[in-house]
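Presented below is the structure to which this report refers.
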Number of protein chains: 2
Amino acid sequence: MNRLVGCLTALLLLATAPTWAYDGIVEKKTFSIAAYTTVGGTTIKNVRVGYETYGTLNAGKDNVILVAHFYSGNSHAAGRYTETDPTPGYWDAVIGSGKPVDTDRFLVVSSDTLVNLNVKDPKTITTGPASINPDTGRPYGMSFPIVTMRDFVNVQKALLDSLGVKKLHAVMGASMGAIQSFEWAAAYPDVVERIVPVIGAAELNAYGIGWLNVWAAPIMLDPRWKGGDYYGKEEPVEGLALALKTVTLHARHYGWASSAFGRKWAAADRDPAKSWDNKFAIEETLDKIALARARVSDANSFLYLAKANQLFVTGHRGSLEEGLRDVRAKVLLVPAKSDLLLFPDYSRQVAEILKKQGKPVQYFEIEGEGGHLDGVVSIAKAGEVIRKFLSE
Amino acid sequence: MNRLVGCLTALLLLATAPTWAYDGIVEKKTFSIAAYTTVGGTTIKNVRVGYETYGTLNAGKDNVILVAHFYSGNSHAAGRYTETDPTPGYWDAVIGSGKPVDTDRFLVVSSDTLVNLNVKDPKTITTGPASINPDTGRPYGMSFPIVTMRDFVNVQKALLDSLGVKKLHAVMGASMGAIQSFEWAAAYPDVVERIVPVIGAAELNAYGIGWLNVWAAPIMLDPRWKGGDYYGKEEPVEGLALALKTVTLHARHYGWASSAFGRKWAAADRDPAKSWDNKFAIEETLDKIALARARVSDANSFLYLAKANQLFVTGHRGSLEEGLRDVRAKVLLVPAKSDLLLFPDYSRQVAEILKKQGKPVQYFEIEGEGGHLDGVVSIAKAGEVIRKFLSE
C-alpha cells in the first residue's frame, strides 16, 4: 500500500513537474549520401551528417518531430551519451519521456547541419570546408561550395527519406534551428504539419546581415587564416575566438551580465585601471569560453555558416511575404523577451504577415533577462505551450 | 510695409521653426597646459586639447554650457568653419542663435577630450598615445598613461578655469558626452547646475564592458598593431576599420537598417550567393564608412577610449548609488527609444536612483528607429524639452 502511494505520488509529480532526463542512452549515428547537389548547382561527393533519435517510430511513420540546431550547436538536443555523462543535450528540459516533446509518443530526430562549426568535436559529424575533397585528397577550404538553409533542409530531407518518413508532425529549433524550421515549411509544405521557431527569424534583415559580417570579420583579419588554407598548419584560433566571443556576448542581455558579473574585476588585486593586462570578470570569462569553443571549432565553417544565414529569407521568393505564402504548417512562434540578437519584433512581424494571409499562428514569449540564449536555457518556460501545440 | 511683413513672417518662422545654423563662423582653438597629473598619478607634459565656443561670455561669467563629445566625435558641436562649409557641427540642430541651446543667451564651450580618436583630422586637437612624448621625442604608444572620464573632466575644468568660468549653467553631451556630464556633476557638484545626459549611462555595466572589449579586440588582432608601436610604419588600418564598423552598426537599429538597405545587394549583378566577393548593400556601406573613419583615426587612441569607458562609474565611489549621491545638479535624461547600445533602461535606472535620493530628475525619450545615433541625428526632437529645462 505504501508502495502504491509512493507510485501515485511519483506519477503526480511526474505530471506536474516533468524535470527528468530522457532516460535512454543516446547514440550519435551517421547519415551518408554518395552525392548531394547544392541549390547553387555544385555536387558534393560523400556527404555525411550526424544525427540522434529519441523515441520510437510508429507503424504509420507519422510521429516524427525534427529538431534543427543553432549556429554554434550540433544535433545533441537531448539525453546523455553514457550513464555518467554530466551534461545532457541542450533541450533536454523539454525533450524526453513525459516531457512536452514526449518521446513516449514521438520519434524525435535531430540532425547536424552541413558546414557545422564543431568540426573537432568527436560527437559532431558534418561535411564542409574542413572535409577532405575526394577529388584532391585535401581539405576543401574556401573551395567548398557556398551552401544555404535550403541545402541544410534538403540533406535533412534525404535523411528522413532514408528512414521512410513521409510526414513531419513538427519541425522545431532554436535560432538557426528556427530559421531551418521556416525553410522546411516553405520548401516542403506537404510534409510539415507544424513548426515551432524558437528565438527565430523568418529572414535575415539588413541589421542581421551586418552583424554576421562583423562576427565573421576577425577570422579573415587573423594572419593565420591565409585565405582559408590553414589546415595542417597553425590555425586562426585568435580570430575564431574573437568571432565566438562576439556571438557569446550577443546571445546575452545586460540584465544577465549585471547579475552574473557586475563591474567585478577578474582578480581582486588586479585593478583594470592600473594595467592593460588587468581585466574585468566578464572579459576574462568571455575569453575563456571563446577559447574553449575555438579549440573544437573550424574557422572556415564559421564563415560558411555566416554566409548561409545572411542568404536566408523563407522560401527565397524575393520577399518575406511571398516566401511565407508557401507555408501551410501551423506555426507556434516562441521568441525570448530579452533577445538582443533576433528580437521579439521579428516574430511579431511574422505573426502579422501570417495572420494577413489567413493562417493559424500562435505566439508565446519566454520571460527572462537571459537574452537570446533564453530560447535554449529557459526553454522549459515554453514547455506546456509547446506540449499543447503538438497535441492540437 | 511689405518688408515689415516679411520681417515679421521671418520672426514668426524663427519662433516656431528654429532650423537655421549657428550663424557665426566657428574657429578651433587650442587649450594648453604645461603638465597634467592623471587620477592614476602620472604627469603628462604639454597637454593640448582643442575647443570651440559659440556665443558670448556674460559679465558674471555664469552663462556657460559645456558640451562634451561622443566616442568617435570631436568638439565640433555646432556651426561651420567657413561660409561654404557643407556640414555643420553634429548638434547644430539645437545649438545656435534662437535654438534650444540659445547662443544669444549662453556661451557654449565644446572641448576635445584626451586620447581623442580623430588624430589625423586637422580639426581635432588632443593629447594621447599618438602624441610625441617630450621626454623621448617619440610617440607614446601604449606607454601613455591609462586615463579615465575624471581625467577628461579635469582637463575641461582647467580649460574653463583659464576662461574665468566658475559656474556651469549646464553640462550636456551625447553618449560618452553624457557619461562626462555625469562625471562632471559628481566631481564638481558646486560648479554644475544642470546636466543633460543624452543617450547616456551613469556607469558602464558588465554588458557594456564586454562590448567595449569586443570593439577593441580587432585592433590587437591586426598584425600591424605590434603592441601599439606602429607609428611611422604601416598602421593597423584593417583592425581599426573593423572596430569602427562594429561601433557604426552598434549605434544603429534594425528598423533603420531595414529602411535604408533591406536585403539589397551591393551590386545588382553580383549575387552574394554566388561568390565570397559579392556583398549585401549594408556590408559594403559599413565597410566604406569604416575605412573612411579609420583613415583619420588612431588605433591606440581607440584602445584608450575603450578603457576609459570601461572604467567609468559616476563618482567612482564603489557603487553607482554612492556615486550619484554626490550629484547636486538638476538632471534631464534624454535616452533614445530604439537605442541598442546604451538602452533607455539605463536612463530609467538612473532616474529611479535619483528619485529615491530625493533629487529633481526629468526624463524624455527620443522616438525613432535610428538607434543610439538618434541622440545625435534626431536631437531636434528633444529641442523644446531641453530649451525649457535650461530656462528653469
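Note on naming: chains are A, B, ... as they come in the C-alpha cells, residues start from 1 per chain, ligands start from 1 in the order shown.
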**OP:** Pull out every residue of chain B sitting within 9 Å of chain A, counting only C-alpha atoms, and send them as a count of residues only.
**Re:** 55
**OP:** Extract, using only C-alpha atoms, all DNA, RNA and protein residues at most 10 Å from Ser131 of chain B, discarding same-chain residues fewer than 2 positions from it, and format them as a VMD selection string.
**Re:** chain B and resid 46 to 48 115 119 126 to 129 133 to 134 137 to 141 144
Original post:
Among segment 21-63 of chain A, which residues carry a DSSP assignment of strand (DSSP E or B), reported as an MDAnalysis selection string?
Top reply: chainID A and resid 25 29:37 43:54
Same residues, N, CA and C atoms, saved as a PDB file, in the first residue's frame:
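Done, and the output landed in part.pdb:
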ATOM      1  N   ILE A  25      19.931   5.883 -23.445  1.00  0.00           N
ATOM      2  CA  ILE A  25      21.292   6.344 -23.735  1.00  0.00           C
ATOM      3  C   ILE A  25      21.321   6.730 -25.215  1.00  0.00           C
ATOM      4  N   LYS A  29      24.552   8.817 -34.669  1.00  0.00           N
ATOM      5  CA  LYS A  29      24.576   7.989 -35.879  1.00  0.00           C
ATOM      6  C   LYS A  29      25.049   8.833 -37.062  1.00  0.00           C
ATOM      7  N   THR A  30      25.384   8.193 -38.127  1.00  0.00           N
ATOM      8  CA  THR A  30      25.850   8.899 -39.320  1.00  0.00           C
ATOM      9  C   THR A  30      24.919   8.614 -40.494  1.00  0.00           C
ATOM     10  N   PHE A  31      24.512   9.682 -41.154  1.00  0.00           N
ATOM     11  CA  PHE A  31      23.777   9.544 -42.411  1.00  0.00           C
ATOM     12  C   PHE A  31      24.714   9.931 -43.553  1.00  0.00           C
ATOM     13  N   SER A  32      24.770   9.071 -44.556  1.00  0.00           N
ATOM     14  CA  SER A  32      25.684   9.333 -45.691  1.00  0.00           C
ATOM     15  C   SER A  32      24.923   9.288 -47.003  1.00  0.00           C
ATOM     16  N   ILE A  33      25.287  10.173 -47.899  1.00  0.00           N
ATOM     17  CA  ILE A  33      24.832  10.043 -49.286  1.00  0.00           C
ATOM     18  C   ILE A  33      26.042  10.209 -50.198  1.00  0.00           C
ATOM     19  N   ALA A  34      26.020   9.468 -51.286  1.00  0.00           N
ATOM     20  CA  ALA A  34      27.190   9.442 -52.176  1.00  0.00           C
ATOM     21  C   ALA A  34      27.427  10.807 -52.816  1.00  0.00           C
ATOM     22  N   ALA A  35      26.334  11.531 -53.077  1.00  0.00           N
ATOM     23  CA  ALA A  35      26.479  12.838 -53.720  1.00  0.00           C
ATOM     24  C   ALA A  35      25.268  13.701 -53.395  1.00  0.00           C
ATOM     25  N   TYR A  36      25.522  14.968 -53.162  1.00  0.00           N
ATOM     26  CA  TYR A  36      24.437  15.928 -52.964  1.00  0.00           C
ATOM     27  C   TYR A  36      24.715  17.157 -53.831  1.00  0.00           C
ATOM     28  N   THR A  37      23.710  17.564 -54.594  1.00  0.00           N
ATOM     29  CA  THR A  37      23.879  18.756 -55.437  1.00  0.00           C
ATOM     30  C   THR A  37      23.224  19.951 -54.765  1.00  0.00           C
ATOM     31  N   THR A  43      27.915  19.754 -57.096  1.00  0.00           N
ATOM     32  CA  THR A  43      27.733  18.435 -56.481  1.00  0.00           C
ATOM     33  C   THR A  43      28.865  18.168 -55.487  1.00  0.00           C
ATOM     34  N   ILE A  44      28.453  17.816 -54.264  1.00  0.00           N
ATOM     35  CA  ILE A  44      29.422  17.449 -53.221  1.00  0.00           C
ATOM     36  C   ILE A  44      29.347  15.934 -53.074  1.00  0.00           C
ATOM     37  N   LYS A  45      30.508  15.285 -53.175  1.00  0.00           N
ATOM     38  CA  LYS A  45      30.531  13.821 -53.038  1.00  0.00           C
ATOM     39  C   LYS A  45      30.627  13.429 -51.563  1.00  0.00           C
ATOM     40  N   ASN A  46      30.146  12.235 -51.272  1.00  0.00           N
ATOM     41  CA  ASN A  46      30.326  11.629 -49.946  1.00  0.00           C
ATOM     42  C   ASN A  46      29.915  12.567 -48.811  1.00  0.00           C
ATOM     43  N   VAL A  47      28.662  12.990 -48.837  1.00  0.00           N
ATOM     44  CA  VAL A  47      28.158  13.889 -47.790  1.00  0.00           C
ATOM     45  C   VAL A  47      27.754  13.073 -46.560  1.00  0.00           C
ATOM     46  N   ARG A  48      28.242  13.469 -45.411  1.00  0.00           N
ATOM     47  CA  ARG A  48      27.933  12.797 -44.150  1.00  0.00           C
ATOM     48  C   ARG A  48      27.472  13.834 -43.129  1.00  0.00           C
ATOM     49  N   VAL A  49      26.382  13.538 -42.453  1.00  0.00           N
ATOM     50  CA  VAL A  49      25.985  14.361 -41.295  1.00  0.00           C
ATOM     51  C   VAL A  49      25.578  13.417 -40.158  1.00  0.00           C
ATOM     52  N   GLY A  50      25.832  13.898 -38.932  1.00  0.00           N
ATOM     53  CA  GLY A  50      25.447  13.123 -37.749  1.00  0.00           C
ATOM     54  C   GLY A  50      23.987  13.352 -37.402  1.00  0.00           C
ATOM     55  N   TYR A  51      23.408  12.397 -36.698  1.00  0.00           N
ATOM     56  CA  TYR A  51      22.055  12.625 -36.181  1.00  0.00           C
ATOM     57  C   TYR A  51      21.824  11.763 -34.949  1.00  0.00           C
ATOM     58  N   GLU A  52      20.828  12.150 -34.178  1.00  0.00           N
ATOM     59  CA  GLU A  52      20.434  11.419 -32.985  1.00  0.00           C
ATOM     60  C   GLU A  52      18.927  11.224 -33.047  1.00  0.00           C
ATOM     61  N   THR A  53      18.449  10.152 -32.430  1.00  0.00           N
ATOM     62  CA  THR A  53      16.996   9.947 -32.340  1.00  0.00           C
ATOM     63  C   THR A  53      16.634   9.655 -30.894  1.00  0.00           C
ATOM     64  N   TYR A  54      15.448  10.144 -30.510  1.00  0.00           N
ATOM     65  CA  TYR A  54      14.919   9.885 -29.171  1.00  0.00           C
ATOM     66  C   TYR A  54      13.477   9.434 -29.363  1.00  0.00           C
TER      67      TYR A  54
END
**OP:** Calculate how many Å separate atom CA of Val171 of chain B from atom CA of Val26 of chain B, rounding to one decimal.
**Re:**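 According to the coordinates, atom CA of Val171 of chain B and atom CA of Val26 of chain B are separated by 20.1 Å.
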List the neighbours of Ser111 of chain A out to 12 Å using only C-alpha atoms; skip same-chain residues closer than 3 positions along the sequence, and give me the result as a PDB file with N, CA and C atoms, in the first residue's frame.
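See part_9.pdb below for the written result:
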ATOM      1  N   LYS A  28      25.169   8.677 -31.280  1.00  0.00           N
ATOM      2  CA  LYS A  28      25.305   9.520 -32.484  1.00  0.00           C
ATOM      3  C   LYS A  28      25.419   8.597 -33.694  1.00  0.00           C
ATOM      4  N   LYS A  29      24.552   8.817 -34.669  1.00  0.00           N
ATOM      5  CA  LYS A  29      24.576   7.989 -35.879  1.00  0.00           C
ATOM      6  C   LYS A  29      25.049   8.833 -37.062  1.00  0.00           C
ATOM      7  N   THR A  30      25.384   8.193 -38.127  1.00  0.00           N
ATOM      8  CA  THR A  30      25.850   8.899 -39.320  1.00  0.00           C
ATOM      9  C   THR A  30      24.919   8.614 -40.494  1.00  0.00           C
ATOM     10  N   PHE A  31      24.512   9.682 -41.154  1.00  0.00           N
ATOM     11  CA  PHE A  31      23.777   9.544 -42.411  1.00  0.00           C
ATOM     12  C   PHE A  31      24.714   9.931 -43.553  1.00  0.00           C
ATOM     13  N   ARG A  48      28.242  13.469 -45.411  1.00  0.00           N
ATOM     14  CA  ARG A  48      27.933  12.797 -44.150  1.00  0.00           C
ATOM     15  C   ARG A  48      27.472  13.834 -43.129  1.00  0.00           C
ATOM     16  N   VAL A  49      26.382  13.538 -42.453  1.00  0.00           N
ATOM     17  CA  VAL A  49      25.985  14.361 -41.295  1.00  0.00           C
ATOM     18  C   VAL A  49      25.578  13.417 -40.158  1.00  0.00           C
ATOM     19  N   GLY A  50      25.832  13.898 -38.932  1.00  0.00           N
ATOM     20  CA  GLY A  50      25.447  13.123 -37.749  1.00  0.00           C
ATOM     21  C   GLY A  50      23.987  13.352 -37.402  1.00  0.00           C
ATOM     22  N   TYR A  51      23.408  12.397 -36.698  1.00  0.00           N
ATOM     23  CA  TYR A  51      22.055  12.625 -36.181  1.00  0.00           C
ATOM     24  C   TYR A  51      21.824  11.763 -34.949  1.00  0.00           C
ATOM     25  N   GLU A  52      20.828  12.150 -34.178  1.00  0.00           N
ATOM     26  CA  GLU A  52      20.434  11.419 -32.985  1.00  0.00           C
ATOM     27  C   GLU A  52      18.927  11.224 -33.047  1.00  0.00           C
ATOM     28  N   THR A  53      18.449  10.152 -32.430  1.00  0.00           N
ATOM     29  CA  THR A  53      16.996   9.947 -32.340  1.00  0.00           C
ATOM     30  C   THR A  53      16.634   9.655 -30.894  1.00  0.00           C
ATOM     31  N   TYR A  54      15.448  10.144 -30.510  1.00  0.00           N
ATOM     32  CA  TYR A  54      14.919   9.885 -29.171  1.00  0.00           C
ATOM     33  C   TYR A  54      13.477   9.434 -29.363  1.00  0.00           C
ATOM     34  N   ILE A  65       9.195  14.223 -35.086  1.00  0.00           N
ATOM     35  CA  ILE A  65       9.486  15.650 -34.890  1.00  0.00           C
ATOM     36  C   ILE A  65      10.964  15.865 -35.187  1.00  0.00           C
ATOM     37  N   LEU A  66      11.223  16.757 -36.130  1.00  0.00           N
ATOM     38  CA  LEU A  66      12.614  17.058 -36.482  1.00  0.00           C
ATOM     39  C   LEU A  66      13.085  18.265 -35.680  1.00  0.00           C
ATOM     40  N   VAL A  67      14.261  18.152 -35.080  1.00  0.00           N
ATOM     41  CA  VAL A  67      14.864  19.273 -34.359  1.00  0.00           C
ATOM     42  C   VAL A  67      16.131  19.702 -35.096  1.00  0.00           C
ATOM     43  N   ALA A  68      16.186  20.986 -35.436  1.00  0.00           N
ATOM     44  CA  ALA A  68      17.366  21.532 -36.128  1.00  0.00           C
ATOM     45  C   ALA A  68      18.144  22.400 -35.136  1.00  0.00           C
ATOM     46  N   HIS A  69      19.450  22.419 -35.268  1.00  0.00           N
ATOM     47  CA  HIS A  69      20.255  23.079 -34.227  1.00  0.00           C
ATOM     48  C   HIS A  69      20.632  24.526 -34.555  1.00  0.00           C
ATOM     49  N   PHE A  70      21.117  25.212 -33.517  1.00  0.00           N
ATOM     50  CA  PHE A  70      21.511  26.618 -33.641  1.00  0.00           C
ATOM     51  C   PHE A  70      22.929  26.741 -34.219  1.00  0.00           C
ATOM     52  N   GLY A  73      25.731  25.123 -32.406  1.00  0.00           N
ATOM     53  CA  GLY A  73      25.352  23.853 -31.780  1.00  0.00           C
ATOM     54  C   GLY A  73      25.566  22.659 -32.689  1.00  0.00           C
ATOM     55  N   ASN A  74      25.103  21.488 -32.193  1.00  0.00           N
ATOM     56  CA  ASN A  74      25.059  20.297 -33.026  1.00  0.00           C
ATOM     57  C   ASN A  74      23.797  19.515 -32.679  1.00  0.00           C
ATOM     58  N   SER A  75      23.714  18.279 -33.135  1.00  0.00           N
ATOM     59  CA  SER A  75      22.456  17.528 -33.029  1.00  0.00           C
ATOM     60  C   SER A  75      22.200  16.950 -31.639  1.00  0.00           C
ATOM     61  N   HIS A  76      23.025  17.261 -30.657  1.00  0.00           N
ATOM     62  CA  HIS A  76      22.805  16.700 -29.318  1.00  0.00           C
ATOM     63  C   HIS A  76      21.752  17.523 -28.560  1.00  0.00           C
ATOM     64  N   ALA A  77      20.490  17.276 -28.892  1.00  0.00           N
ATOM     65  CA  ALA A  77      19.387  18.068 -28.346  1.00  0.00           C
ATOM     66  C   ALA A  77      18.892  17.537 -27.012  1.00  0.00           C
ATOM     67  N   ALA A  78      19.069  16.244 -26.759  1.00  0.00           N
ATOM     68  CA  ALA A  78      18.504  15.667 -25.519  1.00  0.00           C
ATOM     69  C   ALA A  78      19.274  14.422 -25.115  1.00  0.00           C
ATOM     70  N   VAL A 108      11.787  11.738 -32.042  1.00  0.00           N
ATOM     71  CA  VAL A 108      12.485  12.992 -32.308  1.00  0.00           C
ATOM     72  C   VAL A 108      13.762  12.679 -33.076  1.00  0.00           C
ATOM     73  N   LEU A 114      25.057  20.667 -42.564  1.00  0.00           N
ATOM     74  CA  LEU A 114      26.260  20.873 -43.373  1.00  0.00           C
ATOM     75  C   LEU A 114      27.077  21.997 -42.722  1.00  0.00           C
ATOM     76  N   ASN A 116      28.824  22.360 -40.282  1.00  0.00           N
ATOM     77  CA  ASN A 116      28.728  22.553 -38.830  1.00  0.00           C
ATOM     78  C   ASN A 116      30.060  23.072 -38.289  1.00  0.00           C
ATOM     79  N   LYS A 123      31.757  14.239 -31.348  1.00  0.00           N
ATOM     80  CA  LYS A 123      30.324  13.954 -31.398  1.00  0.00           C
ATOM     81  C   LYS A 123      29.600  14.780 -32.467  1.00  0.00           C
ATOM     82  N   THR A 124      30.351  15.448 -33.319  1.00  0.00           N
ATOM     83  CA  THR A 124      29.731  16.174 -34.432  1.00  0.00           C
ATOM     84  C   THR A 124      30.204  15.555 -35.740  1.00  0.00           C
ATOM     85  N   ILE A 125      29.265  15.281 -36.623  1.00  0.00           N
ATOM     86  CA  ILE A 125      29.616  14.710 -37.926  1.00  0.00           C
ATOM     87  C   ILE A 125      29.029  15.640 -38.986  1.00  0.00           C
ATOM     88  N   THR A 126      29.879  16.163 -39.831  1.00  0.00           N
ATOM     89  CA  THR A 126      29.425  17.163 -40.800  1.00  0.00           C
ATOM     90  C   THR A 126      30.287  17.110 -42.053  1.00  0.00           C
ATOM     91  N   PHE A 152      20.747  22.833 -46.161  1.00  0.00           N
ATOM     92  CA  PHE A 152      20.677  22.159 -44.852  1.00  0.00           C
ATOM     93  C   PHE A 152      19.409  21.294 -44.809  1.00  0.00           C
ATOM     94  N   VAL A 153      18.300  21.910 -45.233  1.00  0.00           N
ATOM     95  CA  VAL A 153      16.993  21.254 -45.189  1.00  0.00           C
ATOM     96  C   VAL A 153      16.964  20.051 -46.136  1.00  0.00           C
ATOM     97  N   ASN A 154      17.518  20.211 -47.321  1.00  0.00           N
ATOM     98  CA  ASN A 154      17.473  19.119 -48.311  1.00  0.00           C
ATOM     99  C   ASN A 154      18.249  17.889 -47.829  1.00  0.00           C
ATOM    100  N   VAL A 155      19.358  18.119 -47.143  1.00  0.00           N
ATOM    101  CA  VAL A 155      20.120  16.979 -46.616  1.00  0.00           C
ATOM    102  C   VAL A 155      19.321  16.293 -45.495  1.00  0.00           C
ATOM    103  N   GLN A 156      18.649  17.103 -44.651  1.00  0.00           N
ATOM    104  CA  GLN A 156      17.772  16.518 -43.620  1.00  0.00           C
ATOM    105  C   GLN A 156      16.622  15.741 -44.278  1.00  0.00           C
ATOM    106  N   LYS A 157      16.107  16.248 -45.389  1.00  0.00           N
ATOM    107  CA  LYS A 157      15.021  15.574 -46.116  1.00  0.00           C
ATOM    108  C   LYS A 157      15.496  14.202 -46.609  1.00  0.00           C
ATOM    109  N   ALA A 158      16.712  14.159 -47.121  1.00  0.00           N
ATOM    110  CA  ALA A 158      17.275  12.885 -47.583  1.00  0.00           C
ATOM    111  C   ALA A 158      17.431  11.910 -46.420  1.00  0.00           C
ATOM    112  N   LEU A 159      17.841  12.429 -45.277  1.00  0.00           N
ATOM    113  CA  LEU A 159      17.948  11.596 -44.068  1.00  0.00           C
ATOM    114  C   LEU A 159      16.581  11.010 -43.701  1.00  0.00           C
ATOM    115  N   LEU A 160      15.556  11.875 -43.682  1.00  0.00           N
ATOM    116  CA  LEU A 160      14.212  11.407 -43.315  1.00  0.00           C
ATOM    117  C   LEU A 160      13.673  10.417 -44.355  1.00  0.00           C
ATOM    118  N   VAL A 171       8.498  20.506 -37.133  1.00  0.00           N
ATOM    119  CA  VAL A 171       9.919  20.853 -37.176  1.00  0.00           C
ATOM    120  C   VAL A 171      10.134  21.946 -36.142  1.00  0.00           C
ATOM    121  N   MET A 172      11.132  21.767 -35.295  1.00  0.00           N
ATOM    122  CA  MET A 172      11.404  22.714 -34.213  1.00  0.00           C
ATOM    123  C   MET A 172      12.875  23.102 -34.232  1.00  0.00           C
ATOM    124  N   GLY A 173      13.175  24.218 -33.621  1.00  0.00           N
ATOM    125  CA  GLY A 173      14.572  24.575 -33.462  1.00  0.00           C
ATOM    126  C   GLY A 173      14.719  25.942 -32.847  1.00  0.00           C
ATOM    127  N   GLY A 177      18.083  27.033 -35.823  1.00  0.00           N
ATOM    128  CA  GLY A 177      17.144  25.918 -35.898  1.00  0.00           C
ATOM    129  C   GLY A 177      15.741  26.399 -36.245  1.00  0.00           C
ATOM    130  N   GLN A 180      15.742  27.170 -39.909  1.00  0.00           N
ATOM    131  CA  GLN A 180      15.562  25.945 -40.703  1.00  0.00           C
ATOM    132  C   GLN A 180      14.109  25.473 -40.679  1.00  0.00           C
TER     133      GLN A 180
END
Original post:
Do you have the atom CA of Val361 of chain B-atom CA of Val109 of chain B distance handy?
Top reply: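 Calculated distance between atom CA of Val361 of chain B and atom CA of Val109 of chain B is 23.8 Å.
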**OP:** Can you work out which one of B:Arg295, B:Arg387, B:Lys166, B:Lys330 has the shortest atom-to-atom distance to Lys355 of chain B, counting only C-alpha atoms?
**Re:**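 Checking each of B:Arg295, B:Arg387, B:Lys166, B:Lys330 against Lys355 of chain B, counting only C-alpha atoms, the winner is B:Lys330.
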Subject >> Shell around Asp326 of chain B at 12 Å using only C-alpha atoms, local window under 3 positions removed, as a ChimeraX atom specification >> reply: /B:182-190,192,314-317,319-323,329,354,357,359
